[in-house]
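Reading through the structure tokens given below for one structure.
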Amino acid sequence: MNYNFIAIEGNIGAGKTSLSKMIAKDFNAKLILEQFEDNAFLPKFYKEPDKYAFPLEMSFLASRFQQLKDQLGDRDLFKTFTISDYYIIKSLIFAGKTLAADELKLYNRFFQIIHTQLPKPDLFVFLYVDTPRLQQNIKERGRPYEQEIGNDYLDRIQSGYFDFMNQQRDMRILILDTNNLDFVHNMDDYQTIIDTLNKDYTKGVHRITF
């Protein structure tokens, strides 16, 4: 890989963790995985989003920042690069779609204080998957607290990512439309993604459909 730090992002069920694990294994990369399953507010949020949105987003922000700060600051000399299945901007995107206006204003103050303390990824990869396939992936992996996620919520998160990416000028952003790929079970599809990542990209947004 031509980068020191790659962040793989995407909506819920897009396959970002699976792809990050595969790349880390095949290329001897340091792997950072989001520790979302330890968040006690997550199952509560999916049942009562208005009540638990703010504590959920604040707890995610704190844990994501601490993990990335610790992991990115601790260089592993035996690994070729670092790959993560999320980046801190995820916190702001989700908060923007789940919080009320007054809560978001307060949340944003905290976010602006901490996010500049983290390095930006050399390559920000977004796995685009349409909502019906996201729902299919969510059902197949069978996490009980995710089964009530509605299409509207997934659509809002998706739009939040695109709003963010379209505003960026100083990051290398690669949007991969993977609707026609099965990189987990088809090694040819996986290799197609690897070949795409290994190309040189200028700063800005690059959209690729397979």
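Every chain in the structure tokens takes a letter, A first, then B, and so on in the order presented; its residues are numbered from 1, and the ligands are numbered from 1 following the presented order.
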
What are the DSSP strand (DSSP E) residues of range 5-209 of chain A, as a PyMOL selection string? chain A and resi 5-10+30-32+82-84+123-128+172-177+204-209

Residues at most 10 Å from Gly13 in chain A, counting only C-alpha atoms, excluding those fewer than 2 positions away in the same chain, as a list in words?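 So the residues in contact are Gly10, Asn11, Gly15, Lys16, Thr17, Ser18, Leu127, Val129, Thr131, Arg133, Leu134, Gln135, Gln136, Asn137, Ile138, Lys139, Glu140, Arg141, Glu146 and Leu154 of chain A.
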
Near-Thr116 in chain A list (12 Å; only C-alpha atoms; drop same-chain fewer than 3 positions) as a PyMOL selection string: chain A and resi 65+69+88-89+110-113+119-120

Residues from the last selection, C-alpha atoms, saved as a PDB file, in the first residue's frame:
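That gives us part_29.pdb:
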ATOM      1  CA  PHE A  65     -11.036   9.769  20.229  1.00  0.00           C
ATOM      2  CA  LYS A  69      -5.201   8.876  19.881  1.00  0.00           C
ATOM      3  CA  ILE A  88     -13.361  10.344  14.090  1.00  0.00           C
ATOM      4  CA  ILE A  89     -15.475  12.307  11.575  1.00  0.00           C
ATOM      5  CA  PHE A 110     -16.662  19.283  22.082  1.00  0.00           C
ATOM      6  CA  PHE A 111     -15.914  17.813  18.668  1.00  0.00           C
ATOM      7  CA  GLN A 112     -14.059  20.896  17.425  1.00  0.00           C
ATOM      8  CA  ILE A 113     -11.842  20.853  20.506  1.00  0.00           C
ATOM      9  CA  PRO A 119      -3.902  12.970  12.180  1.00  0.00           C
ATOM     10  CA  LYS A 120      -5.983  12.789   9.027  1.00  0.00           C
TER      11      LYS A 120
END

Nearest to Ser159 in chain A: which of A:Ile93, A:Val205, A:Ala7, A:Leu99 is it, counting only C-alpha atoms? A:Ile93

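Each of A:Lys51, A:Lys30, A:Lys44, A:Arg109 was checked against Asp85 in chain A using only C-alpha atoms; the smallest atom-to-atom distance is that of A:Lys30.
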
For Gly204 in chain A, work out the shell of residues within 7 Å, counting only C-alpha atoms and skipping chain neighbours fewer than 4 positions away, then give it as a list in words. Gln168, Arg169, Asp170, Met171, Arg172 and Ile173 of chain A

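Using only C-alpha atoms, the protein and nucleic acid residues lying no more than 7 Å from Ile6 in chain A, apart from those fewer than 4 places from it along its own chain, are Thr82, Ile83, Ser84, Pro121, Asp122, Leu123 and Phe124 of chain A.
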
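Atom to atom, CA of Ser63 in chain A and CA of Val184 in chain A stand 27.9 Å apart.
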
Range 12-140 of chain A: residues DSSP assigns to alpha helix (DSSP H), reported as a VMD selection string: chain A and resid 16 to 27 41 to 47 49 to 73 89 to 98 101 to 114 131 to 140

Which of these, A:Glu48, A:Asp74, A:Tyr87, A:Phe81, has the shortest distance to Glu148 in chain A once you count only C-alpha atoms?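 Under the stated criterion, the closest residue is A:Glu48.
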
Compare A:Asn198, A:Gln167, A:Asn179, A:Thr192 by their minimum atom-to-atom distance to Ala14 in chain A, counting only C-alpha atoms, and give me the closest one.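 For Ala14 in chain A, the nearest of the given residues is A:Asn179.
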